[in-house]
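Shown next: query_18.cif, containing mmCIF, C-alpha atoms.
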data_upload
loop_
_atom_site.label_atom_id
_atom_site.label_comp_id
_atom_site.auth_asym_id
_atom_site.auth_seq_id
_atom_site.Cartn_x
_atom_site.Cartn_y
_atom_site.Cartn_z
CA MET A 1 -90.60 -121.44 105.86
CA PHE A 2 -91.99 -118.00 105.03
CA LEU A 3 -90.45 -116.08 102.14
CA LYS A 4 -89.11 -112.60 102.86
CA LYS A 5 -89.64 -111.71 99.22
CA PHE A 6 -92.23 -113.14 96.85
CA LYS A 7 -93.87 -112.43 93.52
CA PHE A 8 -97.38 -111.01 93.48
CA GLY A 9 -98.57 -111.12 89.88
CA ASN A 10 -96.06 -109.16 87.83
CA LYS A 11 -94.41 -107.41 90.81
CA TYR A 12 -92.49 -108.38 93.93
CA ILE A 13 -93.30 -107.82 97.59
CA GLY A 14 -90.59 -107.67 100.26
CA ASP A 15 -87.76 -105.62 101.67
CA ASN A 16 -85.32 -104.28 99.07
CA CYS A 17 -88.15 -104.29 96.49
CA ASN A 18 -90.08 -101.30 95.20
CA ILE A 19 -93.04 -100.41 97.41
CA PHE A 20 -96.05 -102.47 96.30
CA PHE A 21 -98.93 -100.00 96.06
CA ILE A 22 -102.53 -101.20 96.12
CA ALA A 23 -105.26 -98.83 94.95
CA GLU A 24 -108.16 -100.05 97.05
CA ILE A 25 -111.34 -99.54 95.03
CA GLY A 26 -113.27 -101.63 97.52
CA ILE A 27 -116.94 -100.79 96.98
CA ASN A 28 -116.40 -97.15 95.97
CA HIS A 29 -117.72 -98.05 92.52
CA GLU A 30 -121.14 -98.28 94.24
CA GLY A 31 -122.15 -101.16 91.99
CA SER A 32 -121.45 -99.26 88.75
CA PHE A 33 -119.43 -101.37 86.32
CA ASN A 34 -118.43 -98.27 84.33
CA ASN A 35 -117.21 -96.45 87.44
CA CYS A 36 -115.10 -99.46 88.35
CA VAL A 37 -113.53 -99.47 84.89
CA LYS A 38 -112.75 -95.75 85.28
CA LEU A 39 -111.15 -96.41 88.65
CA ILE A 40 -108.99 -99.17 87.16
CA ASP A 41 -107.91 -96.81 84.36
CA GLU A 42 -107.02 -94.05 86.84
CA ALA A 43 -105.05 -96.48 89.00
CA VAL A 44 -103.06 -97.59 85.96
CA LYS A 45 -102.44 -93.97 84.98
CA ALA A 46 -101.25 -93.12 88.51
CA GLY A 47 -98.76 -95.99 88.54
CA ALA A 48 -100.38 -98.31 91.09
CA ASP A 49 -99.14 -101.89 91.20
CA ALA A 50 -102.54 -103.40 91.89
CA VAL A 51 -106.24 -102.64 92.20
CA LYS A 52 -108.40 -104.38 94.74
CA LEU A 53 -112.13 -104.82 95.17
CA GLN A 54 -114.21 -106.16 98.03
CA THR A 55 -116.16 -109.15 96.75
CA ILE A 56 -118.36 -109.57 99.77
CA ASP A 57 -121.57 -111.45 99.05
CA PRO A 58 -124.07 -109.76 101.39
CA ASP A 59 -126.23 -112.87 101.69
CA GLU A 60 -123.23 -114.83 102.99
CA ASN A 61 -121.81 -112.12 105.26
CA TYR A 62 -124.50 -109.94 106.84
CA LEU A 63 -127.92 -110.19 108.40
CA THR A 64 -130.55 -108.61 106.18
CA ASN A 65 -131.59 -106.00 108.77
CA THR A 66 -128.11 -104.39 108.93
CA SER A 67 -126.78 -101.30 107.15
CA SER A 68 -123.81 -103.37 105.93
CA TYR A 69 -126.20 -105.70 104.12
CA LYS A 70 -127.84 -102.79 102.32
CA ILE A 71 -124.53 -101.17 101.31
CA PHE A 72 -122.96 -104.39 100.04
CA LYS A 73 -126.17 -105.52 98.35
CA ARG A 74 -126.13 -102.30 96.36
CA SER A 75 -122.45 -102.57 95.42
CA PHE A 76 -121.99 -106.32 94.92
CA PHE A 77 -120.65 -107.46 91.55
CA ASP A 78 -121.76 -110.93 90.55
CA LYS A 79 -119.50 -113.55 89.06
CA SER A 80 -120.03 -112.38 85.46
CA LYS A 81 -119.12 -108.73 86.11
CA THR A 82 -116.18 -109.64 88.33
CA ILE A 83 -114.73 -111.86 85.61
CA LYS A 84 -115.06 -109.03 83.06
CA LEU A 85 -113.32 -106.60 85.42
CA PHE A 86 -110.58 -109.14 86.12
CA ARG A 87 -109.94 -109.58 82.41
CA TYR A 88 -110.05 -105.83 81.79
CA ALA A 89 -107.45 -105.16 84.48
CA LYS A 90 -105.29 -107.95 83.10
CA SER A 91 -105.41 -106.29 79.66
CA LYS A 92 -104.13 -103.11 81.33
CA LYS A 93 -101.27 -105.08 82.91
CA ILE A 94 -102.23 -104.19 86.46
CA ASN A 95 -102.68 -106.80 89.18
CA PHE A 96 -106.32 -107.35 90.13
CA PHE A 97 -107.45 -109.11 93.29
CA THR A 98 -110.11 -108.79 95.94
CA THR A 99 -111.10 -109.21 99.55
CA ILE A 100 -113.30 -112.30 99.59
CA GLY A 101 -115.79 -112.73 102.42
CA ASP A 102 -117.02 -116.30 102.11
CA LEU A 103 -116.09 -119.79 100.96
CA LYS A 104 -118.47 -119.92 98.00
CA THR A 105 -117.10 -116.72 96.49
CA LEU A 106 -113.56 -117.87 97.15
CA ASP A 107 -114.09 -121.07 95.17
CA TRP A 108 -115.38 -119.42 91.99
CA PHE A 109 -113.03 -116.43 92.16
CA SER A 110 -110.02 -118.73 92.55
CA LYS A 111 -110.75 -120.22 89.13
CA LEU A 112 -109.63 -116.90 87.63
CA ASN A 113 -106.11 -117.60 88.92
CA PRO A 114 -105.71 -114.28 90.79
CA PRO A 115 -102.23 -113.11 91.82
CA GLY A 116 -103.16 -113.41 95.49
CA TYR A 117 -105.79 -112.82 98.16
CA LYS A 118 -106.61 -110.20 100.77
CA ILE A 119 -108.02 -110.93 104.20
CA SER A 120 -109.47 -107.79 105.77
CA SER A 121 -109.42 -106.83 109.43
CA GLY A 122 -113.03 -107.96 109.83
CA LEU A 123 -112.18 -111.38 108.39
CA PHE A 124 -108.88 -111.80 110.25
CA THR A 125 -110.28 -114.44 112.64
CA HIS A 126 -112.44 -116.17 110.02
CA PHE A 127 -110.32 -119.30 110.35
CA PRO A 128 -112.36 -121.50 107.98
CA LEU A 129 -111.80 -118.92 105.23
CA LEU A 130 -108.11 -118.60 106.13
CA HIS A 131 -107.55 -122.36 105.97
CA ARG A 132 -109.28 -122.57 102.58
CA ILE A 133 -107.26 -119.67 101.14
CA ILE A 134 -104.00 -121.25 102.31
CA LYS A 135 -104.80 -124.35 100.25
CA TYR A 136 -104.68 -122.32 97.02
CA ASN A 137 -100.96 -121.70 97.62
CA LYS A 138 -101.10 -118.04 96.57
CA PRO A 139 -99.79 -114.88 98.25
CA ILE A 140 -101.96 -113.75 101.18
CA LEU A 141 -102.12 -110.19 102.49
CA LEU A 142 -103.77 -109.83 105.90
CA SER A 143 -104.83 -106.58 107.59
CA THR A 144 -104.38 -106.79 111.35
CA GLY A 145 -106.66 -103.95 112.46
CA LEU A 146 -109.09 -104.95 115.25
CA ALA A 147 -106.84 -107.88 116.25
CA ASN A 148 -105.00 -108.01 119.55
CA GLU A 149 -101.45 -109.31 119.83
CA LYS A 150 -102.58 -112.81 120.82
CA GLU A 151 -104.82 -113.08 117.74
CA VAL A 152 -102.05 -111.91 115.41
CA GLU A 153 -99.76 -114.51 116.95
CA GLN A 154 -102.47 -117.17 116.51
CA VAL A 155 -102.99 -116.38 112.82
CA TYR A 156 -99.23 -116.33 112.25
CA GLY A 157 -99.10 -119.78 113.85
CA ILE A 158 -101.85 -121.11 111.57
CA LEU A 159 -100.06 -119.79 108.49
CA LYS A 160 -96.78 -121.31 109.65
CA LYS A 161 -98.29 -124.66 110.60
CA ASN A 162 -100.01 -124.95 107.22
CA LYS A 163 -96.79 -124.03 105.39
CA ALA A 164 -98.05 -120.82 103.80
CA LYS A 165 -94.95 -119.23 102.29
CA LYS A 166 -96.08 -115.99 100.66
CA VAL A 167 -97.59 -113.93 103.44
CA ALA A 168 -97.59 -110.26 104.46
CA PHE A 169 -99.23 -108.53 107.42
CA LEU A 170 -100.64 -105.03 106.87
CA HIS A 171 -100.79 -102.89 109.97
CA CYS A 172 -103.81 -100.61 110.12
CA CYS A 173 -106.19 -98.79 112.41
CA SER A 174 -109.76 -99.80 111.63
CA MET A 175 -111.28 -96.42 112.42
CA TYR A 176 -112.66 -94.49 109.45
CA PRO A 177 -110.98 -92.06 109.42
CA SER A 178 -108.13 -93.07 111.72
CA PRO A 179 -107.28 -90.49 114.43
CA GLU A 180 -103.59 -89.58 114.40
CA GLU A 181 -103.08 -90.77 117.97
CA MET A 182 -104.41 -94.25 117.11
CA ILE A 183 -102.34 -94.97 113.98
CA ASN A 184 -99.30 -96.22 115.94
CA LEU A 185 -96.89 -96.78 113.05
CA LEU A 186 -94.27 -98.28 115.36
CA THR A 187 -96.37 -101.46 115.17
CA ILE A 188 -94.72 -101.91 111.77
CA LYS A 189 -91.31 -102.02 113.43
CA PHE A 190 -92.69 -104.38 116.10
CA TYR A 191 -94.00 -106.76 113.42
CA LYS A 192 -90.74 -106.65 111.46
CA GLU A 193 -88.77 -107.64 114.54
CA LYS A 194 -91.23 -110.36 115.60
CA TYR A 195 -92.28 -111.99 112.31
CA CYS A 196 -90.22 -113.24 109.36
CA ILE A 197 -92.57 -111.89 106.69
CA PRO A 198 -92.99 -108.64 104.73
CA ILE A 199 -94.93 -105.95 106.59
CA GLY A 200 -97.17 -103.30 105.06
CA TYR A 201 -99.61 -100.57 105.99
CA SER A 202 -103.25 -100.03 105.07
CA ASP A 203 -104.08 -96.36 105.43
CA HIS A 204 -107.46 -95.07 106.61
CA SER A 205 -106.26 -91.64 107.70
CA MET A 206 -106.88 -88.24 106.16
CA ASP A 207 -103.19 -87.33 105.79
CA TYR A 208 -101.22 -89.05 103.02
CA MET A 209 -98.00 -88.21 104.87
CA ASN A 210 -98.79 -91.13 107.17
CA ILE A 211 -98.15 -93.40 104.19
CA LEU A 212 -94.66 -91.95 103.77
CA TYR A 213 -94.03 -92.26 107.51
CA ALA A 214 -95.13 -95.91 107.35
CA ILE A 215 -92.64 -96.61 104.57
CA SER A 216 -89.89 -94.95 106.60
CA ALA A 217 -90.91 -97.24 109.48
CA GLY A 218 -90.38 -100.28 107.26
CA ALA A 219 -93.61 -100.91 105.35
CA CYS A 220 -93.07 -102.46 101.90
CA VAL A 221 -96.78 -102.74 100.95
CA ILE A 222 -99.18 -99.81 100.93
CA GLU A 223 -102.94 -99.98 100.55
CA LYS A 224 -105.00 -96.82 100.13
CA HIS A 225 -108.71 -96.41 99.42
CA PHE A 226 -109.43 -94.76 96.09
CA THR A 227 -112.46 -92.98 94.63
CA LEU A 228 -113.55 -90.75 91.75
CA ASP A 229 -115.14 -88.28 94.18
CA LYS A 230 -114.35 -88.25 97.89
CA LYS A 231 -117.14 -85.75 98.58
CA LYS A 232 -119.73 -88.45 97.95
CA ARG A 233 -121.50 -89.81 101.02
CA ASN A 234 -121.43 -93.33 102.46
CA PHE A 235 -119.22 -96.21 101.31
CA ASP A 236 -115.49 -95.37 101.83
CA HIS A 237 -115.34 -92.18 99.79
CA HIS A 238 -114.49 -89.85 102.67
CA ILE A 239 -111.26 -91.69 103.60
CA SER A 240 -110.20 -92.18 99.99
CA CYS A 241 -107.98 -90.25 97.64
CA GLU A 242 -109.06 -89.02 94.21
CA PRO A 243 -107.12 -89.75 90.98
CA LYS A 244 -104.94 -86.63 91.18
CA GLU A 245 -104.07 -87.33 94.82
CA LEU A 246 -103.37 -90.97 94.06
CA SER A 247 -100.89 -89.94 91.38
CA GLN A 248 -99.20 -87.49 93.78
CA ILE A 249 -98.95 -90.08 96.55
CA ILE A 250 -97.34 -92.66 94.27
CA LYS A 251 -94.88 -90.07 92.91
CA LYS A 252 -93.91 -89.14 96.45
CA ILE A 253 -93.46 -92.82 97.30
CA ARG A 254 -91.16 -93.33 94.32
CA ASN A 255 -89.17 -90.25 95.33
CA LEU A 256 -88.97 -91.53 98.90
CA GLU A 257 -87.60 -94.85 97.61
CA ILE A 258 -84.79 -92.93 95.92
CA VAL A 259 -84.06 -90.94 99.07
CA LEU A 260 -84.13 -94.02 101.34
CA GLY A 261 -81.73 -95.87 99.04
CA GLU A 262 -80.25 -99.11 100.32
CA ALA A 263 -79.70 -100.44 103.84
CA LYS A 264 -75.94 -100.20 103.60
CA LYS A 265 -73.24 -97.51 103.60
CA ILE A 266 -72.64 -96.28 100.07
CA ILE A 267 -70.32 -93.57 98.81
CA SER A 268 -71.11 -92.27 95.36
CA LEU A 269 -68.52 -91.60 92.66
CA LYS A 270 -69.21 -87.89 92.97
CA GLU A 271 -68.58 -88.03 96.72
CA LYS A 272 -65.35 -89.94 96.14
CA SER A 273 -64.11 -87.18 93.87
CA LYS A 274 -64.64 -84.64 96.69
CA ARG A 275 -62.89 -86.61 99.42
CA LYS A 276 -59.46 -85.11 98.80
CA LEU A 277 -60.92 -81.64 98.41
CA MET A 278 -62.77 -81.67 101.72
CA ARG A 279 -60.78 -83.87 104.08
CA ARG A 280 -57.93 -82.83 106.37
CA PHE A 281 -54.27 -83.68 105.70
CA ILE A 282 -51.16 -83.45 107.84
CA VAL A 283 -49.08 -80.28 107.66
CA ALA A 284 -46.41 -78.81 109.96
CA GLU A 285 -47.84 -76.98 112.97
CA ARG A 286 -44.58 -74.95 113.28
CA ASN A 287 -41.10 -74.73 111.77
CA LEU A 288 -39.34 -78.06 112.24
CA LYS A 289 -35.70 -79.13 111.88
CA PRO A 290 -34.33 -82.39 110.39
CA GLU A 291 -34.19 -85.42 112.73
CA LYS A 292 -37.08 -84.03 114.73
CA LYS A 293 -39.10 -86.89 116.22
CA LEU A 294 -42.72 -85.97 115.51
CA SER A 295 -45.36 -85.63 118.23
CA ILE A 296 -49.01 -84.66 117.93
CA ASN A 297 -48.05 -81.10 118.88
CA ASP A 298 -45.89 -80.85 115.74
CA LEU A 299 -48.82 -81.59 113.44
CA ALA A 300 -51.75 -79.59 112.10
CA PHE A 301 -54.67 -80.92 110.07
CA LYS A 302 -55.92 -78.78 107.21
CA ARG A 303 -57.56 -78.78 103.80
CA ILE A 304 -54.99 -78.35 101.05
CA LYS A 305 -55.09 -77.67 97.31
CA ASN A 306 -52.89 -80.51 96.11
CA SER A 307 -53.40 -83.66 98.18
CA LYS A 308 -52.10 -86.24 95.72
CA PHE A 309 -49.22 -87.44 97.92
CA ALA A 310 -50.30 -85.84 101.18
CA ILE A 311 -50.98 -87.92 104.29
CA ASP A 312 -54.60 -88.18 105.38
CA ALA A 313 -55.32 -87.30 109.02
CA LYS A 314 -56.56 -90.87 109.57
CA PHE A 315 -52.92 -92.06 109.32
CA THR A 316 -51.72 -89.79 112.13
CA ASN A 317 -50.73 -92.71 114.38
CA LYS A 318 -48.34 -93.95 111.69
CA VAL A 319 -46.63 -90.55 111.57
CA ILE A 320 -46.19 -89.88 115.27
CA GLY A 321 -42.77 -91.07 116.46
CA LYS A 322 -41.20 -90.86 113.00
CA LYS A 323 -38.22 -88.59 112.29
CA ILE A 324 -38.22 -86.04 109.47
CA LYS A 325 -35.46 -85.72 106.85
CA LYS A 326 -35.68 -81.99 106.11
CA ASN A 327 -36.55 -78.56 107.38
CA PHE A 328 -40.26 -77.73 107.50
CA ILE A 329 -41.89 -74.37 107.67
CA LYS A 330 -45.31 -73.81 109.23
CA ASP A 331 -48.19 -75.28 107.10
CA GLU A 332 -45.82 -77.17 104.79
CA ILE A 333 -47.40 -80.43 103.61
CA LEU A 334 -45.92 -83.59 105.10
CA LEU A 335 -45.22 -86.38 102.58
CA LYS A 336 -44.23 -90.00 103.15
CA LYS A 337 -40.87 -89.44 101.49
CA HIS A 338 -40.00 -86.91 104.21
CA LEU A 339 -40.20 -89.52 106.96
CA LYS A 340 -37.61 -91.93 108.29
#

Show me, as structure tokens, the structure contained in the file I just sent.
Amino acid sequence: MFLKKFKFGNKYIGDNCNIFFIAEIGINHEGSFNNCVKLIDEAVKAGADAVKLQTIDPDENYLTNTSSYKIFKRSFFDKSKTIKLFRYAKSKKINFFTTIGDLKTLDWFSKLNPPGYKISSGLFTHFPLLHRIIKYNKPILLSTGLANEKEVEQVYGILKKNKAKKVAFLHCCSMYPSPEEMINLLTIKFYKEKYCIPIGYSDHSMDYMNILYAISAGACVIEKHFTLDKKKRNFDHHISCEPKELSQIIKKIRNLEIVLGEAKKIISLKEKSKRKLMRRFIVAERNLKPEKKLSINDLAFKRIKNSKFAIDAKFTNKVIGKKIKKNFIKDEILLKKHLK
């Protein structure tokens, strides 16, 4: 049985939890250990809940004559550096995890006891990797870009069959950058109605407002690429946000959480204090004589200064048909004690 809420490191993921924000460093460090440390520091400063790398061993994932091989060969952190970064992030009290591309890397990285794992869109149908990750019994976040509905259903079935409990799907468009007309945020709503797991959004667009729209559509996990300089060429710099932007996005998310509130009808204490000042109460529509049997035409509904014993308009049906004990002049407040 999937969990609708689960712990990911020192935070929770699920509806009715704070939005879990992942600062996706990916390979934007370009193989520089110091740059990666700076990115971790900036993510902490901005208030991110987690930082994520892409630990994709090029020799296990790409043919040597491809551009992907060259990029990932240049930016790949070996086991030693990854362990140091993991420990550094842990000292900063921010969750650190990674997208792992192969079984060998998964086995040694898992010995670090990470808070969870990420399966990217390109690895979504790598079933041998998925089955191995499930065995570690950790939270799994899966981006569903590139997958059709049948494939998403198939992966969900594998997770369910193998009794994975802590799972979240992240909707995304795997175009870099994502055109507005292809983002299709209503997929989040579709997933929430179809699957009993938390749903998130991985943003590859150029407009951070799409992140806020995704949250309003129901996303409880947000992943956004992050860089020190988005003007740099290659890698994922051009679709990433810089430290100042990251901080602004997270602040806006926290403000949006306040505005969205809870999925129930709540009336604040301050609103309660204004109810009697703003609502309508029953007064006489015209001069009325004792023993008059009241009809709707005898009543008016107005704001009044002193409503302590006045009758709220919502009780009109209990007043109609009653007789009055005294003379009333127009706009005089009707009280319970005046009724027979």

Contacts of Phe21 (chain A) at 8 Å (only C-alpha atoms; same-chain gap of 2+ positions) as a PyMOL selection string:
chain A and resi 19+23+48-50+221-224+250

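Minimum atom-to-atom distance to Ile27 (chain A), evaluated using only C-alpha atoms, belongs to A:Thr98 out of A:Lys166, A:Leu129, A:Thr98, A:Cys196.
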
Nearest to Ile197 (chain A) by atom-to-atom distance, counting only C-alpha atoms, from A:His238, A:Lys302, A:His126, A:Lys4
A:Lys4

On this file, the PyMOL selection byres ((chain A and resi 236) around 8) gives some set of residues; write that set as a PDB file with C-alpha atoms, in the frame of the given file.
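Contents of part-v2.pdb, as written:
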ATOM      1  CA  GLY A  26    -113.270-101.630  97.520  1.00  0.00           C
ATOM      2  CA  ILE A  27    -116.940-100.790  96.980  1.00  0.00           C
ATOM      3  CA  ASN A  28    -116.400 -97.150  95.970  1.00  0.00           C
ATOM      4  CA  HIS A 225    -108.710 -96.410  99.420  1.00  0.00           C
ATOM      5  CA  ASN A 234    -121.430 -93.330 102.460  1.00  0.00           C
ATOM      6  CA  PHE A 235    -119.220 -96.210 101.310  1.00  0.00           C
ATOM      7  CA  HIS A 237    -115.340 -92.180  99.790  1.00  0.00           C
ATOM      8  CA  HIS A 238    -114.490 -89.850 102.670  1.00  0.00           C
ATOM      9  CA  ILE A 239    -111.260 -91.690 103.600  1.00  0.00           C
ATOM     10  CA  SER A 240    -110.200 -92.180  99.990  1.00  0.00           C
TER      11      SER A 240
END

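With distances restricted to only C-alpha atoms, A:Asn113 is the closest residue to Tyr136 (chain A) from A:Asn148, A:Asn35, A:Ser121, A:Asn113.
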
Run the PyMOL selection byres ((chain A and resi 228) around 10) against the file shown and list the residues it catches, as a PyMOL selection string.
chain A and resi 25+28-29+35-36+38-39+42+226-227+229-232+237+240-244

Skipping near chain neighbours, those fewer than 5 positions away, what residues fall within 12 Å of Lys81 (chain A) using all atoms listed in the file, listed as number ranges by chain?
A: 31-34, 36-37, 55, 75-76, 86-88, 109

Give me, as a list in words, all polymer residues having an atom no more than 12 Å from Asp331 (chain A), counting all atoms listed in the file and skipping those fewer than 5 positions away in the same chain.
Phe281, Ile282, Val283, Ala284, Glu285, Arg286, Asn287, Leu288, Asp298, Leu299, Ala300, Phe301, Lys302, Arg303 and Ile304 of chain A
